[in-house]
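Asks: The structure follows.
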Amino acid sequence: MTADGRAGWTSTGVIARAREEAPFLVGAVTLAVFQLHGDRWLVGLTGFFIAGLIFMWLFAAAVWATFGVVRHADALAHLLGEPFGTLILTLSVIGIEVSLIASVMLTGIASPELARDTMFAVLMIVLNGLVGAALLLGGLRHKVQDYNLQGARAFLVVLLPLSVFALILPDFTVSTADATFSPLQAGFFALITILLYGVFLIMQTVRHRTFFEQPTVGDPVAESPHAPDEAHGPIRSRSYHIAMLLLTLVPIVLLSKRLAKLVDFGIVEVGAPVALGGVLIALLVLLPESMSAIAAARANLLQRSVNLLLGSALATIGLTVPAILAISLAIGHPVTLGLDNVSVVLLVLTLVISTMTFGGARTNVLQGAVHLVLFLAYLLLIFSP
């Protein structure tokens with residue numbers, strides 16, 4: 001410490017800060033290794049042993065970096081309050097995910113179904129897998145849990161039409177031969193999607209912030225998952241935690257591209273469904289939000305879980321659809337958005353069950369179990385469509 005009480009950049013201070021930001025450093029060093037040399041190891045893979053070692057290295061580095069993301073998100077939630085803390089985490093993860101999809105589209109190597117499959121996988125993982133896990137684990141620990149009904153309804157009332165517009169309606173339009181939009185339709189739906197999502201963000205952050213705050217029904221003193229304790233490290237300035245959250249996210253997402261190559265190699269070797277690779281990578285990208293959401297549910301702060309999970313699902317549609325439609329119009333390459341019949345049934349069932357789950361003031365283990373069953377059905381149908 002310096003004479004005025006501030007932390008100085010002494011050797012002890014540097015070591016302490018390095019330990020504090022070890023997740024970021026591990027992710028950054030691993031990314032640097034692969035940027036400079038490691039990508040050569042991914043070319044010409046011939047056996048499971050080497051591929052497995054590289055996969056475990058990348059996966060461990062990405063998961064460790066995830067702990068750093070969660071720590072900074074928890075600190076921001078403590079500093080900013082809801083919904084700003086969770087909103088920053090959600091927009092960071094989904095924003096970088098959208099940039100990845102856009103970069104692949106612009107290289108010209110993407111399949112027309114890339115954006116559709118990514119959005120559908122994220123919706124199934126978030127609305128069924130993660131919501132189910134959060135409600136089940138929270139319900140087992142607290143029996144019933146309270147959340148803000150108005151906030152959950154606000155998420156769903158925007159998510160339902162945007163999901164149908166993006167993933168179901170293209171199957172029924174006749175302006176094109178495939179499940180795509182015509183240029184006029186693409187421009188219109190891109191515009192209304194971004195406008196409606198913008199209106200929602202204004203409502204969430206300005207006009208109706210209280211809709212997205214944890215209600216005080218029942219025991220008002222809940223165990224906070226983002227208290228400034230040793231588990232989450234010291235609380236620093238807002239700008240510091242925002243910067244470190246974004247910096248720590250970058251290795252996770254860029255390493256996931258390398259993991260995707262290894263997953264694709266394994267899928268080809270064992271003959272697994274191609275869609276499984278997208279699910280595994282989506283799970284990794286969503287790991288920071290999933291850890292925060294489940295921790296919040298276990299701490300009886302279900303509203304934070306709702307903000308993270310429903311917010312992630314809505315941001316996936318609200319940000320991905322305008323981006324990929326704009327790129328499609330710019331490069332003159334149509335994208336297939338309409339789902340197949342089996343996926344349409346799963347999406348409609350998921351949206352209906354979600355409205356029922358968040359149609360009352362409390363949740364319990366039964367609702368979590370139902371969502372997990374839907375997620376297992378989704379996984380089964382990947383292997384046996």
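For the structure tokens, the naming scheme is as follows: chains receive sequential letters (A, B, ...) according to their order of presentation, residues are indexed from 1 within each chain, and ligands are indexed from 1 in presentation order.
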As a PyMOL selection string, which residues of stretch 5-141 of chain A does DSSP assign to helix (DSSP H, G or I)?

Replies: chain A and resi 11-20+22-36+38-42+48-80+84-107+114-141

Asks: Which residues are close to stretch 324-327 of chain A, i.e. within 9 Å by only C-alpha atoms, leaving aside same-chain residues fewer than 3 positions away? Reply as a PyMOL selection string.

Replies: chain A and resi 98+101-102+105-106+115+181+183+186-187+189-190+319-321+330-335

Asks: Let's have the selection written as a CSV table (one decimal), in the first residue's frame, with all heavy atoms.

Replies:
```
chain,number,residue,atom,x,y,z
A,98,VAL,N,-22.5,-13.3,-31.6
A,98,VAL,CA,-23.0,-12.8,-32.9
A,98,VAL,C,-21.9,-12.4,-33.8
A,98,VAL,O,-21.9,-12.7,-35.0
A,98,VAL,CB,-23.9,-11.6,-32.7
A,98,VAL,CG1,-24.2,-10.9,-34.0
A,98,VAL,CG2,-25.2,-12.0,-32.0
A,101,ILE,N,-20.5,-15.5,-35.5
A,101,ILE,CA,-21.4,-16.0,-36.6
A,101,ILE,C,-21.2,-15.1,-37.8
A,101,ILE,O,-21.0,-15.5,-39.0
A,101,ILE,CB,-22.9,-16.0,-36.2
A,101,ILE,CG1,-23.1,-17.0,-35.1
A,101,ILE,CG2,-23.7,-16.3,-37.4
A,101,ILE,CD1,-24.5,-17.0,-34.5
A,102,ALA,N,-21.1,-13.8,-37.6
A,102,ALA,CA,-20.9,-12.8,-38.7
A,102,ALA,C,-19.6,-13.0,-39.4
A,102,ALA,O,-19.5,-13.0,-40.6
A,102,ALA,CB,-21.0,-11.4,-38.1
A,105,MET,N,-19.8,-16.0,-41.6
A,105,MET,CA,-20.6,-15.8,-42.8
A,105,MET,C,-19.8,-15.0,-43.8
A,105,MET,O,-19.9,-15.2,-45.0
A,105,MET,CB,-21.9,-15.0,-42.4
A,105,MET,CG,-22.9,-15.8,-41.6
A,105,MET,SD,-24.4,-14.9,-41.2
A,105,MET,CE,-25.0,-14.5,-42.9
A,106,LEU,N,-19.0,-14.0,-43.3
A,106,LEU,CA,-18.3,-13.1,-44.2
A,106,LEU,C,-17.2,-13.8,-44.9
A,106,LEU,O,-16.7,-13.3,-46.0
A,106,LEU,CB,-17.8,-11.9,-43.5
A,106,LEU,CG,-18.9,-10.9,-43.1
A,106,LEU,CD1,-18.4,-9.8,-42.2
A,106,LEU,CD2,-19.6,-10.3,-44.3
A,115,ALA,N,-26.7,-19.8,-38.9
A,115,ALA,CA,-27.3,-18.9,-37.9
A,115,ALA,C,-28.6,-19.6,-37.3
A,115,ALA,O,-28.8,-19.4,-36.1
A,115,ALA,CB,-27.6,-17.6,-38.6
A,181,PHE,N,-36.2,-15.6,-46.3
A,181,PHE,CA,-37.0,-14.3,-46.6
A,181,PHE,C,-36.6,-13.7,-47.9
A,181,PHE,O,-35.4,-13.8,-48.3
A,181,PHE,CB,-36.8,-13.3,-45.5
A,181,PHE,CG,-37.5,-13.6,-44.2
A,181,PHE,CD1,-36.8,-13.6,-43.0
A,181,PHE,CD2,-38.8,-14.0,-44.2
A,181,PHE,CE1,-37.5,-13.8,-41.8
A,181,PHE,CE2,-39.5,-14.3,-43.0
A,181,PHE,CZ,-38.8,-14.2,-41.8
A,183,PRO,N,-35.7,-10.3,-50.1
A,183,PRO,CA,-35.0,-9.1,-49.6
A,183,PRO,C,-35.9,-8.1,-48.9
A,183,PRO,O,-35.5,-7.5,-47.8
A,183,PRO,CB,-34.4,-8.5,-50.9
A,183,PRO,CG,-34.2,-9.6,-51.8
A,183,PRO,CD,-35.4,-10.6,-51.5
A,186,ALA,N,-36.7,-9.7,-45.5
A,186,ALA,CA,-35.5,-9.7,-44.6
A,186,ALA,C,-35.3,-8.3,-44.0
A,186,ALA,O,-35.0,-8.1,-42.8
A,186,ALA,CB,-34.3,-10.1,-45.4
A,187,GLY,N,-35.4,-7.2,-44.9
A,187,GLY,CA,-35.2,-5.9,-44.3
A,187,GLY,C,-36.2,-5.5,-43.3
A,187,GLY,O,-35.9,-4.9,-42.3
A,189,PHE,N,-38.1,-7.5,-41.3
A,189,PHE,CA,-38.0,-8.3,-40.1
A,189,PHE,C,-36.7,-7.9,-39.3
A,189,PHE,O,-36.7,-8.0,-38.1
A,189,PHE,CB,-38.2,-9.8,-40.3
A,189,PHE,CG,-39.6,-10.2,-40.6
A,189,PHE,CD1,-39.9,-10.7,-41.9
A,189,PHE,CD2,-40.5,-10.2,-39.6
A,189,PHE,CE1,-41.2,-11.1,-42.1
A,189,PHE,CE2,-41.8,-10.6,-39.9
A,189,PHE,CZ,-42.2,-11.0,-41.1
A,190,ALA,N,-35.7,-7.6,-40.0
A,190,ALA,CA,-34.5,-7.2,-39.3
A,190,ALA,C,-34.8,-5.8,-38.6
A,190,ALA,O,-34.3,-5.7,-37.4
A,190,ALA,CB,-33.3,-7.0,-40.3
A,319,LEU,N,-30.4,-9.8,-31.3
A,319,LEU,CA,-29.2,-9.3,-31.9
A,319,LEU,C,-28.7,-10.2,-33.1
A,319,LEU,O,-28.2,-9.6,-34.1
A,319,LEU,CB,-28.0,-9.4,-30.9
A,319,LEU,CG,-28.2,-8.4,-29.7
A,319,LEU,CD1,-27.1,-8.6,-28.7
A,319,LEU,CD2,-28.3,-7.0,-30.1
A,320,THR,N,-29.0,-11.5,-33.1
A,320,THR,CA,-28.5,-12.3,-34.2
A,320,THR,C,-29.3,-12.1,-35.4
A,320,THR,O,-28.7,-12.0,-36.5
A,320,THR,CB,-28.6,-13.8,-33.8
A,320,THR,OG1,-27.9,-14.0,-32.5
A,320,THR,CG2,-28.0,-14.7,-34.8
A,321,VAL,N,-30.6,-12.1,-35.3
A,321,VAL,CA,-31.5,-11.9,-36.5
A,321,VAL,C,-31.2,-10.7,-37.3
A,321,VAL,O,-30.9,-10.8,-38.6
A,321,VAL,CB,-33.0,-12.0,-36.2
A,321,VAL,CG1,-33.8,-11.6,-37.4
A,321,VAL,CG2,-33.3,-13.4,-35.7
A,330,ALA,N,-26.3,-7.7,-47.6
A,330,ALA,CA,-25.1,-7.0,-48.1
A,330,ALA,C,-24.3,-7.9,-49.1
A,330,ALA,O,-23.8,-7.3,-50.1
A,330,ALA,CB,-24.3,-6.6,-46.9
A,331,ILE,N,-24.2,-9.2,-48.8
A,331,ILE,CA,-23.4,-10.0,-49.6
A,331,ILE,C,-24.2,-10.8,-50.6
A,331,ILE,O,-23.6,-11.5,-51.5
A,331,ILE,CB,-22.6,-11.0,-48.8
A,331,ILE,CG1,-23.5,-12.0,-48.0
A,331,ILE,CG2,-21.7,-10.3,-47.8
A,331,ILE,CD1,-22.8,-13.0,-47.2
A,332,GLY,N,-25.5,-10.6,-50.6
A,332,GLY,CA,-26.4,-11.3,-51.6
A,332,GLY,C,-26.4,-12.8,-51.4
A,332,GLY,O,-26.6,-13.5,-52.4
A,333,HIS,N,-26.2,-13.3,-50.2
A,333,HIS,CA,-26.2,-14.7,-49.9
A,333,HIS,C,-27.4,-15.0,-48.9
A,333,HIS,O,-27.3,-14.7,-47.8
A,333,HIS,CB,-24.9,-15.1,-49.3
A,333,HIS,CG,-24.8,-16.6,-49.1
A,333,HIS,ND1,-24.7,-17.5,-50.1
A,333,HIS,CD2,-24.7,-17.3,-47.9
A,333,HIS,CE1,-24.7,-18.7,-49.5
A,333,HIS,NE2,-24.7,-18.6,-48.2
A,334,PRO,N,-28.5,-15.6,-49.4
A,334,PRO,CA,-29.6,-15.9,-48.5
A,334,PRO,C,-29.3,-16.9,-47.4
A,334,PRO,O,-28.4,-17.8,-47.6
A,334,PRO,CB,-30.7,-16.5,-49.4
A,334,PRO,CG,-29.9,-17.0,-50.6
A,334,PRO,CD,-28.7,-16.1,-50.8
A,335,VAL,N,-29.9,-16.7,-46.3
A,335,VAL,CA,-29.7,-17.6,-45.2
A,335,VAL,C,-31.0,-18.4,-44.9
A,335,VAL,O,-32.1,-17.8,-44.9
A,335,VAL,CB,-29.2,-16.9,-43.9
A,335,VAL,CG1,-27.8,-16.3,-44.1
A,335,VAL,CG2,-30.2,-15.8,-43.5
```

Asks: Go through A:Ser328, A:Thr205, A:Thr363, A:Gln35 one by one, measure the shortest atom-to-atom distance of each to A:Asn148 using only C-alpha atoms, and give the residue with the smallest value.

Replies: A:Thr363

Asks: Name the closest residue to A:Gly95 among the candidates A:Leu58, A:Val174, A:Leu249, A:Leu25; distances are taken between atoms, counting only C-alpha atoms.

Replies: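 Once distances to A:Gly95 are computed over only C-alpha atoms, the minimum belongs to A:Leu249.
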
Asks: Between atom CA of A:Pro23 and atom CA of A:Trp64, what is the distance, to one decimal in Å?

Replies: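 If I compute the distance from atom CA of A:Pro23 to atom CA of A:Trp64, I get 5.2 Å.
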
Asks: Taking 4 positions as the minimum chain separation for residues in the same chain, which residues sit within 10 Å of stretch 240-245 of chain A when counting only C-alpha atoms? Answer as a PDB file with N, CA, C and O atoms, in the first residue's frame.

Replies:
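The resulting file, result36.pdb, is reproduced below:
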```
ATOM      1  N   GLU A  21      -6.445 -12.254 -11.139  1.00  0.00           N
ATOM      2  CA  GLU A  21      -6.853 -12.345 -12.546  1.00  0.00           C
ATOM      3  C   GLU A  21      -6.260 -13.571 -13.231  1.00  0.00           C
ATOM      4  O   GLU A  21      -6.093 -13.591 -14.449  1.00  0.00           O
ATOM      5  N   PHE A  24      -8.129 -14.936 -16.359  1.00  0.00           N
ATOM      6  CA  PHE A  24      -7.877 -14.190 -17.600  1.00  0.00           C
ATOM      7  C   PHE A  24      -6.489 -14.497 -18.151  1.00  0.00           C
ATOM      8  O   PHE A  24      -6.309 -14.708 -19.358  1.00  0.00           O
ATOM      9  N   ALA A  65     -11.258 -19.560 -17.377  1.00  0.00           N
ATOM     10  CA  ALA A  65     -11.576 -18.175 -17.736  1.00  0.00           C
ATOM     11  C   ALA A  65     -13.027 -17.841 -17.407  1.00  0.00           C
ATOM     12  O   ALA A  65     -13.354 -16.702 -17.039  1.00  0.00           O
ATOM     13  N   THR A  66     -13.889 -18.835 -17.522  1.00  0.00           N
ATOM     14  CA  THR A  66     -15.298 -18.615 -17.201  1.00  0.00           C
ATOM     15  C   THR A  66     -15.491 -18.195 -15.747  1.00  0.00           C
ATOM     16  O   THR A  66     -16.323 -17.344 -15.433  1.00  0.00           O
ATOM     17  N   GLY A  68     -13.510 -16.429 -14.076  1.00  0.00           N
ATOM     18  CA  GLY A  68     -13.180 -15.011 -14.018  1.00  0.00           C
ATOM     19  C   GLY A  68     -14.315 -14.141 -14.513  1.00  0.00           C
ATOM     20  O   GLY A  68     -14.607 -13.084 -13.936  1.00  0.00           O
ATOM     21  N   VAL A  69     -14.981 -14.573 -15.587  1.00  0.00           N
ATOM     22  CA  VAL A  69     -16.126 -13.821 -16.100  1.00  0.00           C
ATOM     23  C   VAL A  69     -17.225 -13.727 -15.053  1.00  0.00           C
ATOM     24  O   VAL A  69     -17.807 -12.665 -14.814  1.00  0.00           O
ATOM     25  N   VAL A  70     -17.512 -14.866 -14.419  1.00  0.00           N
ATOM     26  CA  VAL A  70     -18.561 -14.891 -13.402  1.00  0.00           C
ATOM     27  C   VAL A  70     -18.206 -13.968 -12.231  1.00  0.00           C
ATOM     28  O   VAL A  70     -19.064 -13.259 -11.697  1.00  0.00           O
ATOM     29  N   ARG A  71     -16.948 -13.965 -11.831  1.00  0.00           N
ATOM     30  CA  ARG A  71     -16.540 -13.114 -10.712  1.00  0.00           C
ATOM     31  C   ARG A  71     -16.758 -11.639 -11.032  1.00  0.00           C
ATOM     32  O   ARG A  71     -17.283 -10.878 -10.206  1.00  0.00           O
ATOM     33  N   HIS A  72     -16.365 -11.210 -12.231  1.00  0.00           N
ATOM     34  CA  HIS A  72     -16.540  -9.806 -12.600  1.00  0.00           C
ATOM     35  C   HIS A  72     -18.023  -9.466 -12.796  1.00  0.00           C
ATOM     36  O   HIS A  72     -18.456  -8.359 -12.464  1.00  0.00           O
ATOM     37  N   ALA A  73     -18.795 -10.421 -13.317  1.00  0.00           N
ATOM     38  CA  ALA A  73     -20.234 -10.180 -13.455  1.00  0.00           C
ATOM     39  C   ALA A  73     -20.894 -10.038 -12.093  1.00  0.00           C
ATOM     40  O   ALA A  73     -21.778  -9.191 -11.887  1.00  0.00           O
ATOM     41  N   ASP A  74     -20.491 -10.862 -11.127  1.00  0.00           N
ATOM     42  CA  ASP A  74     -21.029 -10.754  -9.775  1.00  0.00           C
ATOM     43  C   ASP A  74     -20.671  -9.411  -9.152  1.00  0.00           C
ATOM     44  O   ASP A  74     -21.489  -8.795  -8.467  1.00  0.00           O
ATOM     45  N   ALA A  75     -19.440  -8.955  -9.365  1.00  0.00           N
ATOM     46  CA  ALA A  75     -19.032  -7.663  -8.827  1.00  0.00           C
ATOM     47  C   ALA A  75     -19.850  -6.536  -9.439  1.00  0.00           C
ATOM     48  O   ALA A  75     -20.273  -5.599  -8.737  1.00  0.00           O
ATOM     49  N   LEU A  76     -20.108  -6.609 -10.745  1.00  0.00           N
ATOM     50  CA  LEU A  76     -20.917  -5.579 -11.396  1.00  0.00           C
ATOM     51  C   LEU A  76     -22.354  -5.614 -10.904  1.00  0.00           C
ATOM     52  O   LEU A  76     -22.996  -4.561 -10.740  1.00  0.00           O
ATOM     53  N   LEU A  79     -22.303  -3.787  -7.743  1.00  0.00           N
ATOM     54  CA  LEU A  79     -22.086  -2.348  -7.887  1.00  0.00           C
ATOM     55  C   LEU A  79     -23.259  -1.634  -8.557  1.00  0.00           C
ATOM     56  O   LEU A  79     -23.639  -0.534  -8.167  1.00  0.00           O
ATOM     57  N   GLY A  85     -26.293  -5.394 -13.946  1.00  0.00           N
ATOM     58  CA  GLY A  85     -25.228  -6.370 -13.809  1.00  0.00           C
ATOM     59  C   GLY A  85     -25.413  -7.556 -14.736  1.00  0.00           C
ATOM     60  O   GLY A  85     -24.492  -7.945 -15.473  1.00  0.00           O
ATOM     61  N   ILE A  88     -25.219  -6.607 -18.632  1.00  0.00           N
ATOM     62  CA  ILE A  88     -23.872  -6.477 -19.182  1.00  0.00           C
ATOM     63  C   ILE A  88     -23.301  -7.846 -19.535  1.00  0.00           C
ATOM     64  O   ILE A  88     -22.724  -8.037 -20.611  1.00  0.00           O
ATOM     65  N   LEU A  89     -23.469  -8.812 -18.643  1.00  0.00           N
ATOM     66  CA  LEU A  89     -22.975 -10.159 -18.915  1.00  0.00           C
ATOM     67  C   LEU A  89     -23.676 -10.761 -20.129  1.00  0.00           C
ATOM     68  O   LEU A  89     -23.036 -11.331 -21.022  1.00  0.00           O
ATOM     69  N   SER A  92     -22.643  -9.058 -23.404  1.00  0.00           N
ATOM     70  CA  SER A  92     -21.252  -9.368 -23.732  1.00  0.00           C
ATOM     71  C   SER A  92     -21.144 -10.742 -24.387  1.00  0.00           C
ATOM     72  O   SER A  92     -20.515 -10.896 -25.443  1.00  0.00           O
ATOM     73  N   VAL A  93     -21.754 -11.743 -23.757  1.00  0.00           N
ATOM     74  CA  VAL A  93     -21.676 -13.105 -24.285  1.00  0.00           C
ATOM     75  C   VAL A  93     -22.353 -13.207 -25.646  1.00  0.00           C
ATOM     76  O   VAL A  93     -21.768 -13.705 -26.627  1.00  0.00           O
ATOM     77  N   ILE A 235     -14.072  -6.112  -4.520  1.00  0.00           N
ATOM     78  CA  ILE A 235     -14.870  -5.287  -5.411  1.00  0.00           C
ATOM     79  C   ILE A 235     -14.064  -4.048  -5.772  1.00  0.00           C
ATOM     80  O   ILE A 235     -13.635  -3.297  -4.895  1.00  0.00           O
ATOM     81  N   ARG A 236     -13.869  -3.811  -7.076  1.00  0.00           N
ATOM     82  CA  ARG A 236     -13.118  -2.650  -7.537  1.00  0.00           C
ATOM     83  C   ARG A 236     -14.047  -1.710  -8.286  1.00  0.00           C
ATOM     84  O   ARG A 236     -15.251  -1.748  -8.091  1.00  0.00           O
ATOM     85  N   LEU A 249     -13.790 -12.587 -21.596  1.00  0.00           N
ATOM     86  CA  LEU A 249     -14.688 -13.276 -22.517  1.00  0.00           C
ATOM     87  C   LEU A 249     -14.013 -13.598 -23.838  1.00  0.00           C
ATOM     88  O   LEU A 249     -14.318 -14.616 -24.472  1.00  0.00           O
ATOM     89  N   VAL A 250     -13.099 -12.736 -24.278  1.00  0.00           N
ATOM     90  CA  VAL A 250     -12.490 -12.914 -25.597  1.00  0.00           C
ATOM     91  C   VAL A 250     -11.776 -14.258 -25.729  1.00  0.00           C
ATOM     92  O   VAL A 250     -11.998 -14.982 -26.715  1.00  0.00           O
TER      93      VAL A 250
END
```

Asks: Any idea what the distance is between atom CA of A:Thr336 and atom CA of A:Phe120?

Replies: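 Calculated distance between atom CA of A:Thr336 and atom CA of A:Phe120 is 12.4 Å.
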
Asks: Fewer than 3 positions away in the same chain doesn't count, so skip those; otherwise give me all residues within 8 Å of A:Ala121, counting only C-alpha atoms, as a VMD selection string.

Replies: chain A and resid 117 to 118 124 to 125 278 to 279 282
